[in-house]
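Below is entry_9.csv, holding CSV, C-alpha atoms.
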chain,number,residue,atom,x,y,z
T,1,MET,CA,52.7,-16.5,20.7
T,2,ARG,CA,51.4,-14.3,17.9
T,3,HIS,CA,49.9,-17.3,16.3
T,4,VAL,CA,48.0,-18.4,19.4
T,5,SER,CA,46.9,-14.8,20.1
T,6,THR,CA,45.5,-14.5,16.6
T,7,GLN,CA,43.6,-17.8,17.0
T,8,SER,CA,41.9,-16.6,20.1
T,9,ILE,CA,40.2,-13.8,18.2
T,10,PRO,CA,37.7,-14.7,15.6
T,11,ALA,CA,38.8,-13.9,12.1
T,12,ARG,CA,37.3,-10.7,10.6
T,13,ARG,CA,37.0,-9.8,7.0
T,14,GLY,CA,37.4,-6.1,7.7
T,15,PRO,CA,37.9,-3.7,10.6
T,16,LYS,CA,35.7,-4.0,13.7
T,17,PRO,CA,32.1,-2.9,12.9
T,18,ASN,CA,31.5,0.6,14.2
T,19,PRO,CA,28.1,1.0,15.9
T,20,ALA,CA,28.0,4.6,14.7
T,21,THR,CA,28.4,3.5,11.1
T,22,ARG,CA,25.6,1.0,11.6
T,23,ASP,CA,23.4,3.7,12.9
T,24,ASN,CA,24.2,6.0,10.1
T,25,LEU,CA,23.5,3.3,7.5
T,26,LEU,CA,20.1,2.6,9.2
T,27,ARG,CA,19.1,6.3,9.3
T,28,ALA,CA,20.2,7.0,5.7
T,29,GLY,CA,18.6,3.7,4.5
T,30,MET,CA,15.3,4.3,6.4
T,31,ASP,CA,15.0,7.8,4.9
T,32,MET,CA,15.7,6.5,1.3
T,33,LEU,CA,13.5,3.5,1.5
T,34,HIS,CA,10.7,5.7,2.9
T,35,GLY,CA,11.2,8.3,0.1
T,36,SER,CA,11.9,6.1,-2.9
T,37,GLY,CA,11.0,2.6,-2.0
T,38,TYR,CA,12.9,-0.6,-1.6
T,39,SER,CA,13.8,-1.6,-5.2
T,40,ALA,CA,14.5,2.0,-6.2
T,41,THR,CA,17.2,2.3,-3.5
T,42,GLY,CA,20.6,0.8,-4.2
T,43,ILE,CA,23.1,-0.1,-1.5
T,44,LYS,CA,25.6,2.2,-3.2
T,45,GLU,CA,23.3,5.2,-2.7
T,46,ILE,CA,22.8,4.2,0.9
T,47,VAL,CA,26.5,4.0,1.7
T,48,ASP,CA,27.1,7.3,-0.2
T,49,ALA,CA,24.3,9.0,1.8
T,50,ALA,CA,25.7,7.6,5.0
T,51,ASN,CA,29.2,8.7,3.9
T,52,VAL,CA,30.8,5.3,4.5
T,53,PRO,CA,32.7,3.0,2.2
T,54,LYS,CA,30.6,0.3,0.4
T,55,GLY,CA,32.4,-2.6,2.1
T,56,SER,CA,31.3,-1.4,5.5
T,57,PHE,CA,27.7,-2.1,4.6
T,58,TYR,CA,28.5,-5.9,4.6
T,59,ASN,CA,30.3,-5.6,7.9
T,60,HIS,CA,27.0,-4.8,9.5
T,61,PHE,CA,24.3,-6.4,7.3
T,62,GLU,CA,24.7,-9.7,5.4
T,63,SER,CA,22.3,-8.6,2.6
T,64,LYS,CA,19.9,-5.9,1.5
T,65,GLU,CA,17.0,-8.1,2.7
T,66,VAL,CA,18.5,-8.3,6.3
T,67,PHE,CA,19.0,-4.5,6.1
T,68,GLY,CA,15.4,-4.1,5.1
T,69,ARG,CA,14.3,-6.1,8.1
T,70,GLU,CA,16.5,-4.0,10.4
T,71,ILE,CA,15.0,-0.9,8.9
T,72,VAL,CA,11.5,-2.1,9.7
T,73,ASP,CA,12.6,-2.7,13.3
T,74,HIS,CA,14.4,0.7,13.5
T,75,TYR,CA,11.3,2.5,12.1
T,76,PHE,CA,8.8,0.8,14.5
T,77,LEU,CA,10.8,0.3,17.6
T,78,THR,CA,12.2,3.8,17.7
T,79,ASN,CA,8.6,5.1,18.0
T,80,LEU,CA,7.2,2.3,20.2
T,81,PRO,CA,7.9,3.7,23.6
T,82,ALA,CA,6.1,7.0,22.7
T,83,LEU,CA,3.3,4.9,21.2
T,84,GLN,CA,3.0,2.8,24.3
T,85,ALA,CA,3.0,5.8,26.6
T,86,HIS,CA,0.3,7.5,24.5
T,87,PHE,CA,-2.0,4.6,24.2
T,88,THR,CA,-1.8,3.5,27.9
T,89,ASP,CA,-2.1,7.0,29.4
T,90,GLN,CA,-4.8,6.5,32.0
T,91,SER,CA,-5.2,10.2,32.5
T,92,VAL,CA,-6.9,10.6,29.1
T,93,PRO,CA,-10.2,8.8,28.2
T,94,PRO,CA,-9.5,5.9,25.9
T,95,LEU,CA,-11.3,7.1,22.8
T,96,GLU,CA,-9.6,10.5,23.2
T,97,ARG,CA,-6.2,8.7,23.2
T,98,LEU,CA,-7.1,7.1,19.9
T,99,ARG,CA,-8.5,10.3,18.4
T,100,SER,CA,-5.5,12.4,19.4
T,101,TYR,CA,-3.1,9.8,18.1
T,102,PHE,CA,-4.7,9.9,14.6
T,103,GLU,CA,-5.1,13.7,14.7
T,104,ASP,CA,-1.4,14.1,15.5
T,105,ARG,CA,-0.5,11.8,12.6
T,106,ILE,CA,-2.8,13.8,10.2
T,107,ARG,CA,-1.0,17.1,11.2
T,108,SER,CA,2.3,15.4,10.6
T,109,PHE,CA,1.3,14.2,7.1
T,110,GLU,CA,-0.2,17.6,6.3
T,111,ALA,CA,3.1,19.3,7.3
T,112,GLY,CA,5.0,16.8,5.0
T,113,GLY,CA,2.8,17.4,1.9
T,114,TYR,CA,1.0,14.0,2.1
T,115,VAL,CA,3.9,12.0,0.7
T,116,ARG,CA,5.8,9.0,2.0
T,117,GLY,CA,3.0,7.7,4.2
T,118,CYS,CA,3.8,4.7,6.4
T,119,LEU,CA,7.0,2.9,5.7
T,120,MET,CA,5.5,-0.3,7.0
T,121,GLY,CA,2.6,0.0,4.7
T,122,ASN,CA,4.8,0.7,1.8
T,123,LEU,CA,7.0,-2.3,2.4
T,124,SER,CA,3.9,-4.5,2.9
T,125,LEU,CA,2.9,-3.8,-0.7
T,126,GLU,CA,6.3,-3.7,-2.3
T,127,VAL,CA,8.3,-6.3,-0.5
T,128,ALA,CA,6.2,-8.6,1.6
T,129,ASP,CA,5.5,-11.1,-1.2
T,130,HIS,CA,9.2,-11.5,-1.9
T,131,SER,CA,10.8,-11.6,1.5
T,132,GLU,CA,9.7,-13.9,4.3
T,133,VAL,CA,12.0,-12.2,6.9
T,134,ILE,CA,10.7,-8.7,6.1
T,135,ARG,CA,7.1,-10.0,6.0
T,136,ASP,CA,7.4,-11.7,9.4
T,137,GLN,CA,8.8,-8.5,10.9
T,138,LEU,CA,6.0,-6.4,9.5
T,139,ALA,CA,3.4,-8.9,10.8
T,140,GLU,CA,4.9,-8.8,14.3
T,141,HIS,CA,5.0,-5.0,14.5
T,142,PHE,CA,1.5,-4.6,13.0
T,143,GLN,CA,0.2,-7.0,15.7
T,144,THR,CA,2.0,-5.0,18.5
T,145,TRP,CA,0.5,-1.8,17.1
T,146,SER,CA,-3.0,-3.3,16.8
T,147,ALA,CA,-2.8,-4.6,20.4
T,148,LEU,CA,-2.2,-1.1,21.7
T,149,ILE,CA,-5.3,0.2,19.8
T,150,GLU,CA,-7.2,-2.8,21.1
T,151,GLN,CA,-6.5,-1.8,24.7
T,152,CYS,CA,-8.0,1.6,24.1
T,153,VAL,CA,-11.1,0.1,22.5
T,154,LEU,CA,-11.5,-2.5,25.2
T,155,SER,CA,-11.2,0.2,27.9
T,156,ALA,CA,-13.8,2.3,26.2
T,157,GLN,CA,-16.1,-0.7,26.0
T,158,GLU,CA,-15.6,-1.6,29.7
T,159,LEU,CA,-16.2,2.0,30.7
T,160,GLY,CA,-19.5,2.0,28.7
T,161,MET,CA,-18.3,4.7,26.4
T,162,MET,CA,-19.0,2.7,23.3
T,163,SER,CA,-20.9,-0.4,22.3
T,164,GLY,CA,-19.4,-3.8,23.0
T,165,ARG,CA,-21.2,-5.5,20.2
T,166,LEU,CA,-18.1,-6.1,18.2
T,167,PRO,CA,-15.0,-7.5,19.9
T,168,ALA,CA,-12.2,-5.0,20.6
T,169,VAL,CA,-9.6,-7.1,18.9
T,170,LEU,CA,-11.6,-7.1,15.6
T,171,LEU,CA,-12.3,-3.4,15.7
T,172,ALA,CA,-8.6,-2.7,16.4
T,173,GLN,CA,-7.4,-4.7,13.5
T,174,PHE,CA,-10.0,-3.1,11.2
T,175,LEU,CA,-9.0,0.4,12.4
T,176,LEU,CA,-5.3,-0.2,11.8
T,177,ASN,CA,-5.9,-1.6,8.3
T,178,SER,CA,-8.4,1.1,7.4
T,179,TRP,CA,-5.9,3.7,8.6
T,180,GLU,CA,-3.2,2.2,6.3
T,181,GLY,CA,-5.8,2.3,3.5
T,182,ALA,CA,-6.6,5.9,4.2
T,183,LEU,CA,-2.9,6.7,4.0
T,184,LEU,CA,-2.7,4.9,0.6
T,185,ARG,CA,-5.5,7.0,-0.8
T,186,MET,CA,-3.9,10.2,0.7
T,187,ARG,CA,-0.8,9.5,-1.4
T,188,VAL,CA,-3.0,9.5,-4.5
T,189,GLU,CA,-5.2,12.4,-3.7
T,190,ARG,CA,-2.5,14.6,-2.0
T,191,THR,CA,-5.1,15.9,0.4
T,192,ASP,CA,-6.1,15.1,4.0
T,193,ALA,CA,-9.6,14.1,2.7
T,194,PRO,CA,-9.1,10.3,3.1
T,195,LEU,CA,-7.8,10.8,6.6
T,196,ARG,CA,-10.7,13.1,7.6
T,197,GLU,CA,-13.1,10.6,6.1
T,198,PHE,CA,-11.5,8.0,8.3
T,199,MET,CA,-11.9,10.1,11.4
T,200,THR,CA,-15.6,10.9,10.7
T,201,VAL,CA,-16.6,7.3,10.0
T,202,VAL,CA,-14.6,5.9,12.9
T,203,PHE,CA,-15.4,8.4,15.6
T,204,ASP,CA,-19.0,9.3,14.5
T,205,SER,CA,-20.2,5.8,13.7
T,206,LEU,CA,-17.9,2.9,14.4
T,207,LEU,CA,-16.7,3.7,18.0
T,208,VAL,CA,-20.0,4.9,19.4
H,209,MET,CA,8.5,11.6,-57.7
H,210,ARG,CA,10.1,9.5,-55.1
H,211,HIS,CA,11.1,12.6,-53.1
H,212,VAL,CA,7.5,13.9,-53.2
H,213,SER,CA,6.1,10.5,-52.4
H,214,THR,CA,8.3,10.2,-49.4
H,215,GLN,CA,7.4,13.7,-48.2
H,216,SER,CA,3.7,12.8,-48.3
H,217,ILE,CA,4.2,10.1,-45.7
H,218,PRO,CA,5.2,11.3,-42.2
H,219,ALA,CA,8.7,10.1,-41.2
H,220,ARG,CA,8.8,7.1,-38.9
H,221,ARG,CA,11.7,6.0,-36.8
H,222,GLY,CA,10.8,2.4,-37.1
H,223,PRO,CA,8.2,0.1,-38.6
H,224,LYS,CA,4.5,1.0,-38.2
H,225,PRO,CA,3.5,0.2,-34.6
H,226,ASN,CA,1.7,-3.1,-34.4
H,227,PRO,CA,-1.4,-3.0,-32.2
H,228,ALA,CA,-0.8,-6.6,-31.2
H,229,THR,CA,2.7,-5.8,-30.1
H,230,ARG,CA,1.3,-3.0,-28.0
H,231,ASP,CA,-1.2,-5.3,-26.4
H,232,ASN,CA,1.5,-7.9,-25.7
H,233,LEU,CA,3.6,-5.3,-24.0
H,234,LEU,CA,0.7,-4.1,-21.9
H,235,ARG,CA,-0.2,-7.7,-20.8
H,236,ALA,CA,3.3,-8.7,-20.0
H,237,GLY,CA,4.0,-5.4,-18.3
H,238,MET,CA,0.9,-5.5,-16.2
H,239,ASP,CA,1.7,-9.0,-15.0
H,240,MET,CA,5.3,-8.1,-14.1
H,241,LEU,CA,4.4,-4.8,-12.4
H,242,HIS,CA,1.7,-6.6,-10.4
H,243,GLY,CA,4.1,-9.4,-9.4
H,244,SER,CA,7.3,-7.5,-8.8
H,245,GLY,CA,6.5,-3.8,-8.6
H,246,TYR,CA,7.3,-0.8,-10.8
H,247,SER,CA,11.0,-0.2,-9.9
H,248,ALA,CA,11.9,-3.9,-9.9
H,249,THR,CA,10.6,-4.4,-13.4
H,250,GLY,CA,12.9,-3.3,-16.2
H,251,ILE,CA,11.9,-2.5,-19.8
H,252,LYS,CA,14.3,-5.2,-21.0
H,253,GLU,CA,12.4,-7.8,-18.9
H,254,ILE,CA,9.1,-6.6,-20.3
H,255,VAL,CA,10.1,-6.8,-23.9
H,256,ASP,CA,11.7,-10.2,-23.3
H,257,ALA,CA,8.5,-11.5,-21.7
H,258,ALA,CA,6.4,-10.0,-24.6
H,259,ASN,CA,8.9,-11.6,-27.0
H,260,VAL,CA,9.4,-8.3,-29.0
H,261,PRO,CA,12.6,-6.3,-29.7
H,262,LYS,CA,13.5,-3.6,-27.2
H,263,GLY,CA,13.2,-0.8,-29.8
H,264,SER,CA,9.5,-1.6,-30.3
H,265,PHE,CA,8.7,-0.6,-26.8
H,266,TYR,CA,9.5,3.0,-27.7
H,267,ASN,CA,7.4,2.8,-30.8
H,268,HIS,CA,4.4,2.4,-28.5
H,269,PHE,CA,5.3,4.2,-25.3
H,270,GLU,CA,7.5,7.3,-25.0
H,271,SER,CA,8.7,6.3,-21.5
H,272,LYS,CA,8.3,3.8,-18.7
H,273,GLU,CA,6.2,6.4,-16.9
H,274,VAL,CA,3.7,6.6,-19.8
H,275,PHE,CA,3.7,2.8,-20.0
H,276,GLY,CA,2.9,2.8,-16.2
H,277,ARG,CA,0.0,5.1,-16.8
H,278,GLU,CA,-1.3,2.9,-19.7
H,279,ILE,CA,-0.9,-0.2,-17.4
H,280,VAL,CA,-3.2,1.5,-14.8
H,281,ASP,CA,-5.8,2.2,-17.5
H,282,HIS,CA,-5.5,-1.4,-18.9
H,283,TYR,CA,-5.9,-2.9,-15.4
H,284,PHE,CA,-8.9,-0.8,-14.4
H,285,LEU,CA,-10.7,-0.3,-17.7
H,286,THR,CA,-10.6,-3.9,-18.7
H,287,ASN,CA,-12.6,-4.8,-15.5
H,288,LEU,CA,-14.8,-1.7,-15.5
H,289,PRO,CA,-17.7,-3.0,-17.7
H,290,ALA,CA,-18.1,-6.1,-15.4
H,291,LEU,CA,-17.8,-3.8,-12.3
H,292,GLN,CA,-20.5,-1.5,-13.6
H,293,ALA,CA,-22.8,-4.3,-14.6
H,294,HIS,CA,-22.4,-5.9,-11.1
H,295,PHE,CA,-22.8,-2.7,-9.1
H,296,THR,CA,-25.9,-1.5,-11.0
H,297,ASP,CA,-27.7,-4.8,-11.3
H,298,GLN,CA,-31.2,-3.8,-10.1
H,299,SER,CA,-32.3,-7.4,-9.7
H,300,VAL,CA,-30.1,-7.8,-6.6
H,301,PRO,CA,-30.6,-5.8,-3.4
H,302,PRO,CA,-27.9,-3.0,-3.2
H,303,LEU,CA,-26.1,-4.3,-0.1
H,304,GLU,CA,-26.0,-7.8,-1.6
H,305,ARG,CA,-24.3,-6.4,-4.7
H,306,LEU,CA,-21.6,-4.9,-2.4
H,307,ARG,CA,-21.3,-8.0,-0.3
H,308,SER,CA,-21.0,-10.4,-3.3
H,309,TYR,CA,-18.5,-8.2,-4.9
H,310,PHE,CA,-16.1,-8.4,-2.0
H,311,GLU,CA,-16.8,-12.1,-1.4
H,312,ASP,CA,-15.9,-12.8,-5.0
H,313,ARG,CA,-12.6,-10.8,-4.6
H,314,ILE,CA,-11.8,-12.7,-1.4
H,315,ARG,CA,-12.3,-16.1,-3.2
H,316,SER,CA,-10.0,-14.8,-5.9
H,317,PHE,CA,-7.2,-13.8,-3.5
H,318,GLU,CA,-7.6,-17.0,-1.6
H,319,ALA,CA,-7.1,-19.0,-4.8
H,320,GLY,CA,-4.0,-16.9,-5.6
H,321,GLY,CA,-2.4,-17.4,-2.2
H,322,TYR,CA,-2.9,-13.9,-0.9
H,323,VAL,CA,-0.2,-12.3,-3.0
H,324,ARG,CA,-0.1,-9.4,-5.4
H,325,GLY,CA,-3.2,-7.7,-4.1
H,326,CYS,CA,-4.5,-4.6,-6.0
H,327,LEU,CA,-2.2,-3.2,-8.6
H,328,MET,CA,-3.7,0.2,-8.2
H,329,GLY,CA,-3.0,0.1,-4.4
H,330,ASN,CA,0.6,-1.1,-5.1
H,331,LEU,CA,1.3,1.7,-7.5
H,332,SER,CA,-0.3,4.2,-5.1
H,333,LEU,CA,2.3,3.4,-2.5
H,334,GLU,CA,5.3,2.8,-4.8
H,335,VAL,CA,4.9,5.4,-7.6
H,336,ALA,CA,2.3,8.0,-6.8
H,337,ASP,CA,4.8,10.3,-5.0
H,338,HIS,CA,7.1,10.3,-8.0
H,339,SER,CA,4.8,10.5,-11.0
H,340,GLU,CA,2.0,13.0,-11.5
H,341,VAL,CA,0.7,11.3,-14.6
H,342,ILE,CA,0.4,7.9,-12.8
H,343,ARG,CA,-1.0,9.5,-9.7
H,344,ASP,CA,-3.7,11.4,-11.6
H,345,GLN,CA,-4.7,8.2,-13.4
H,346,LEU,CA,-5.0,6.3,-10.1
H,347,ALA,CA,-7.0,9.2,-8.6
H,348,GLU,CA,-9.5,9.2,-11.5
H,349,HIS,CA,-10.0,5.4,-11.4
H,350,PHE,CA,-10.4,5.3,-7.6
H,351,GLN,CA,-13.1,8.0,-7.9
H,352,THR,CA,-14.9,5.9,-10.6
H,353,TRP,CA,-14.7,2.8,-8.4
H,354,SER,CA,-15.9,4.7,-5.3
H,355,ALA,CA,-18.8,6.2,-7.3
H,356,LEU,CA,-20.1,2.7,-8.1
H,357,ILE,CA,-19.9,1.7,-4.4
H,358,GLU,CA,-21.6,5.0,-3.5
H,359,GLN,CA,-24.6,4.2,-5.8
H,360,CYS,CA,-25.2,0.9,-3.9
H,361,VAL,CA,-24.9,2.6,-0.5
H,362,LEU,CA,-27.3,5.4,-1.6
H,363,SER,CA,-29.8,2.9,-3.0
H,364,ALA,CA,-29.7,1.0,0.3
H,365,GLN,CA,-30.3,4.2,2.2
H,366,GLU,CA,-33.1,5.3,0.0
H,367,LEU,CA,-34.8,1.9,0.3
H,368,GLY,CA,-34.5,2.1,4.1
H,369,MET,CA,-32.2,-0.9,4.3
H,370,MET,CA,-29.5,1.0,6.3
H,371,SER,CA,-29.1,4.2,8.2
H,372,GLY,CA,-28.7,7.5,6.3
H,373,ARG,CA,-26.9,9.1,9.1
H,374,LEU,CA,-23.6,9.2,7.2
H,375,PRO,CA,-23.5,10.4,3.6
H,376,ALA,CA,-23.2,7.7,1.0
H,377,VAL,CA,-20.3,9.4,-0.7
H,378,LEU,CA,-18.3,9.4,2.6
H,379,LEU,CA,-19.1,5.8,3.4
H,380,ALA,CA,-18.1,4.7,-0.2
H,381,GLN,CA,-14.7,6.4,0.0
H,382,PHE,CA,-14.1,4.9,3.4
H,383,LEU,CA,-15.1,1.4,2.3
H,384,LEU,CA,-12.8,1.5,-0.8
H,385,ASN,CA,-9.9,2.8,1.3
H,386,SER,CA,-10.5,0.3,4.0
H,387,TRP,CA,-10.6,-2.5,1.5
H,388,GLU,CA,-7.3,-1.4,0.1
H,389,GLY,CA,-6.0,-1.4,3.7
H,390,ALA,CA,-7.3,-4.9,4.3
H,391,LEU,CA,-5.5,-6.1,1.1
H,392,LEU,CA,-2.3,-4.5,2.4
H,393,ARG,CA,-2.5,-6.4,5.7
H,394,MET,CA,-3.5,-9.6,3.8
H,395,ARG,CA,-0.1,-9.4,2.0
H,396,VAL,CA,1.6,-9.4,5.4
H,397,GLU,CA,-0.5,-12.0,7.1
H,398,ARG,CA,-0.9,-14.3,4.1
H,399,THR,CA,-4.4,-15.2,5.3
H,400,ASP,CA,-7.9,-14.0,4.6
H,401,ALA,CA,-8.3,-12.8,8.2
H,402,PRO,CA,-8.0,-9.1,7.4
H,403,LEU,CA,-10.5,-9.4,4.6
H,404,ARG,CA,-13.0,-11.4,6.8
H,405,GLU,CA,-12.6,-8.7,9.5
H,406,PHE,CA,-13.4,-6.1,6.9
H,407,MET,CA,-16.6,-8.0,6.0
H,408,THR,CA,-17.7,-8.4,9.6
H,409,VAL,CA,-17.2,-4.7,10.5
H,410,VAL,CA,-18.7,-3.3,7.3
H,411,PHE,CA,-21.7,-5.6,7.0
H,412,ASP,CA,-22.5,-6.2,10.7
H,413,SER,CA,-21.9,-2.7,11.9
H,414,LEU,CA,-21.2,0.1,9.4
H,415,LEU,CA,-23.9,-0.6,6.7
H,416,VAL,CA,-26.8,-1.3,9.0
Target encoding structure tokens, full file:
Amino acid sequence: MRHVSTQSIPARRGPKPNPATRDNLLRAGMDMLHGSGYSATGIKEIVDAANVPKGSFYNHFESKEVFGREIVDHYFLTNLPALQAHFTDQSVPPLERLRSYFEDRIRSFEAGGYVRGCLMGNLSLEVADHSEVIRDQLAEHFQTWSALIEQCVLSAQELGMMSGRLPAVLLAQFLLNSWEGALLRMRVERTDAPLREFMTVVFDSLLV
Amino acid sequence: MRHVSTQSIPARRGPKPNPATRDNLLRAGMDMLHGSGYSATGIKEIVDAANVPKGSFYNHFESKEVFGREIVDHYFLTNLPALQAHFTDQSVPPLERLRSYFEDRIRSFEAGGYVRGCLMGNLSLEVADHSEVIRDQLAEHFQTWSALIEQCVLSAQELGMMSGRLPAVLLAQFLLNSWEGALLRMRVERTDAPLREFMTVVFDSLLV
């Protein structure tokens, strides 16, 4: 009986993975990858910060690379509902939705001292060349993000609030990439100047 | 006599630093930092790639951080004369100087398979938060680069080839940062699409 019973349950190498442990690892890892980068963060530091034994890491993630992909998801998908709600809020004019989104992010970076920037941007430069799974995940989330911006630009064009000379999809991709570039320069300058320059060029010249 | 003679020569910890060794270390280090990133590259790997003993690293550079700063200089200053010659070439219309610069860079990234990107951009996201000396060096070189772009924009405005509504200095900073952002997205997409989108928006809309 015992033998049959054991066979009916798939073999495990350790105790049953605890979803709370997984969540703790993702939170601690996300914070450390954002603060120090991917290569500079070791699995031992992550499990120590999450206050779990090292073996439990591999109960939840088969490798650091898979963990990195999950971090990208955790970072983007946690914020996605709020992002979608903001960008599709029909009670606000479309260009105002865009402007207030970026203004809000600028205030957040100002409060944080202009460090860390965008975790997706950071991993794009540090890891994308070396990990197809992380790169694919970054690509997918950047496309989702860009599509939300595109909806605002398209609405503004359809409502005659800005020129329709350049396709909304092109402007949206450019805006998103330029924002990532402005954040990159912010990290070097430690001021909001690159972000303010972005706002001026985008809202006084590009989206008019 | 021997004692006096010894005193007249400053004490050294090792053999006299060899400028060729220093150059080999910088070349090897630049290639590895560009390919793998700052944290992922160890000093042992750099000295092995440069084929010099580990001790010689510290004859030339007091720390990895100082080495990183020298790499930033080596990367930017090696290319600066050609950059200056290109951007100040009065025989070419100013906007054409800008366009051909970016087109040339796009061809280069295409030939390289859209990896590595800009070493200065990479270090901005990976290291700038953690090293004031590297951050300051990046800031200085980005300003030099932006000033060259600014000269072209200003010339184009003065010649009436584009609108003077936005200050040249603002447009130049925005262009440089947006280019860095386009390179970031290129690393994720592994295509030239983000670079082509940059060209279209900049030369069909922004600089007209």
Compile a residue-level contact table for chain T against chain H at a cut-off of 7 Å, reporting for every qualifying residue the shortest atom pair and its distance in Å to one decimal, with all atoms listed in the file counted, rows ordered by chain and ascending number, as a Markdown table.
| residue | atom | partner | partner_atom | distance |
| --- | --- | --- | --- | --- |
| T:Gly37 | CA | H:Glu334 | CA | 6.4 |
| T:Ser39 | CA | H:Ala248 | CA | 5.6 |
| T:Ala40 | CA | H:Ser247 | CA | 5.5 |
| T:Val115 | CA | H:Asp337 | CA | 6.0 |
| T:Asn122 | CA | H:Leu333 | CA | 5.7 |
| T:Ser124 | CA | H:Val396 | CA | 6.0 |
| T:Leu125 | CA | H:Asn330 | CA | 5.7 |
| T:Glu126 | CA | H:Gly245 | CA | 6.3 |
| T:Ala128 | CA | H:Val396 | CA | 6.0 |
| T:Asp129 | CA | H:Val323 | CA | 6.1 |
| T:Arg135 | CA | H:Val396 | CA | 5.6 |
| T:Leu138 | CA | H:Val396 | CA | 6.7 |
| T:Ala139 | CA | H:Val396 | CA | 5.7 |
| T:Leu170 | CA | H:Glu405 | CA | 6.4 |
| T:Phe174 | CA | H:Phe406 | CA | 6.2 |
| T:Asn177 | CA | H:Gly389 | CA | 4.6 |
| T:Ser178 | CA | H:Ser386 | CA | 4.1 |
| T:Glu180 | CA | H:Gly389 | CA | 5.2 |
| T:Gly181 | CA | H:Gly389 | CA | 3.7 |
| T:Ala182 | CA | H:Asn385 | CA | 5.4 |
| T:Leu184 | CA | H:Leu333 | CA | 6.1 |
| T:Arg185 | CA | H:Asn385 | CA | 6.4 |
| T:Arg187 | CA | H:Ala336 | CA | 6.4 |
| T:Val188 | CA | H:Arg343 | CA | 5.6 |
| T:Glu189 | CA | H:Ala347 | CA | 6.1 |
| T:Glu197 | CA | H:Leu378 | CA | 6.4 |
| T:Phe198 | CA | H:Phe382 | CA | 6.4 |
| T:Leu206 | CA | H:Leu414 | CA | 6.6 |
Take the residues from that selection and write them out as a PDB file, in the frame of the given file, keeping C-alpha atoms.
ATOM      1  CA  GLY T  37      11.000   2.600  -2.000  1.00  0.00           C
ATOM      2  CA  SER T  39      13.800  -1.600  -5.200  1.00  0.00           C
ATOM      3  CA  ALA T  40      14.500   2.000  -6.200  1.00  0.00           C
ATOM      4  CA  VAL T 115       3.900  12.000   0.700  1.00  0.00           C
ATOM      5  CA  ASN T 122       4.800   0.700   1.800  1.00  0.00           C
ATOM      6  CA  SER T 124       3.900  -4.500   2.900  1.00  0.00           C
ATOM      7  CA  LEU T 125       2.900  -3.800  -0.700  1.00  0.00           C
ATOM      8  CA  GLU T 126       6.300  -3.700  -2.300  1.00  0.00           C
ATOM      9  CA  ALA T 128       6.200  -8.600   1.600  1.00  0.00           C
ATOM     10  CA  ASP T 129       5.500 -11.100  -1.200  1.00  0.00           C
ATOM     11  CA  ARG T 135       7.100 -10.000   6.000  1.00  0.00           C
ATOM     12  CA  LEU T 138       6.000  -6.400   9.500  1.00  0.00           C
ATOM     13  CA  ALA T 139       3.400  -8.900  10.800  1.00  0.00           C
ATOM     14  CA  LEU T 170     -11.600  -7.100  15.600  1.00  0.00           C
ATOM     15  CA  PHE T 174     -10.000  -3.100  11.200  1.00  0.00           C
ATOM     16  CA  ASN T 177      -5.900  -1.600   8.300  1.00  0.00           C
ATOM     17  CA  SER T 178      -8.400   1.100   7.400  1.00  0.00           C
ATOM     18  CA  GLU T 180      -3.200   2.200   6.300  1.00  0.00           C
ATOM     19  CA  GLY T 181      -5.800   2.300   3.500  1.00  0.00           C
ATOM     20  CA  ALA T 182      -6.600   5.900   4.200  1.00  0.00           C
ATOM     21  CA  LEU T 184      -2.700   4.900   0.600  1.00  0.00           C
ATOM     22  CA  ARG T 185      -5.500   7.000  -0.800  1.00  0.00           C
ATOM     23  CA  ARG T 187      -0.800   9.500  -1.400  1.00  0.00           C
ATOM     24  CA  VAL T 188      -3.000   9.500  -4.500  1.00  0.00           C
ATOM     25  CA  GLU T 189      -5.200  12.400  -3.700  1.00  0.00           C
ATOM     26  CA  GLU T 197     -13.100  10.600   6.100  1.00  0.00           C
ATOM     27  CA  PHE T 198     -11.500   8.000   8.300  1.00  0.00           C
ATOM     28  CA  LEU T 206     -17.900   2.900  14.400  1.00  0.00           C
TER      29      LEU T 206
END
Practice problem: One decimal, Å: what's the distance from CA of Phe67 in chain T over to CA of Phe87 in chain T, could you say? | Solution: 29.2 Å
Practice problem: Could you jot down the CA of Glu45 in chain T to CA of Glu110 in chain T separation for me, Å, one decimal place? | Solution: 28.1 Å
Practice problem: Pick out the closest residue to Ala20 in chain T from this set: T:Glu158, T:Ser56, T:Gly42, T:Cys152. Count only C-alpha atoms. | Solution: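 Closest candidate: T:Ser56.
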Practice problem: Rank H:Thr229, H:Gln292, H:Ser308, H:Gln298 by their smallest atom-to-atom distance to Gly263 in chain H, using all atoms listed in the file, and report the top residue only. | Solution: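 Counting all atoms listed in the file, the residue closest to Gly263 in chain H is H:Thr229.
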Exercise. Report the distance between CA of Met162 in chain T and CA of Leu207 in chain T in Å, rounded to one decimal place.
Key: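 Spanning CA of Met162 in chain T to CA of Leu207 in chain T is a straight-line distance of 5.9 Å.
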Practice problem: Would you please work out which residue, of T:Glu62, T:Glu70, T:Glu96, T:Asp48, is nearest to Leu26 in chain T when using only C-alpha atoms? | Solution: T:Glu70
Practice problem: Do a neighbour search on His60 in chain T at 12 Å with only C-alpha atoms, toss out local chain neighbours closer than 5 positions, and write the hits as number ranges by chain. | Solution: T: 12-26, 47, 52, 54-55, 66-67, 70
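Closest to Leu98 in chain T among T:Asp192, T:Gln151, T:Arg69, T:Ser163 is T:Gln151, based on only C-alpha atoms.
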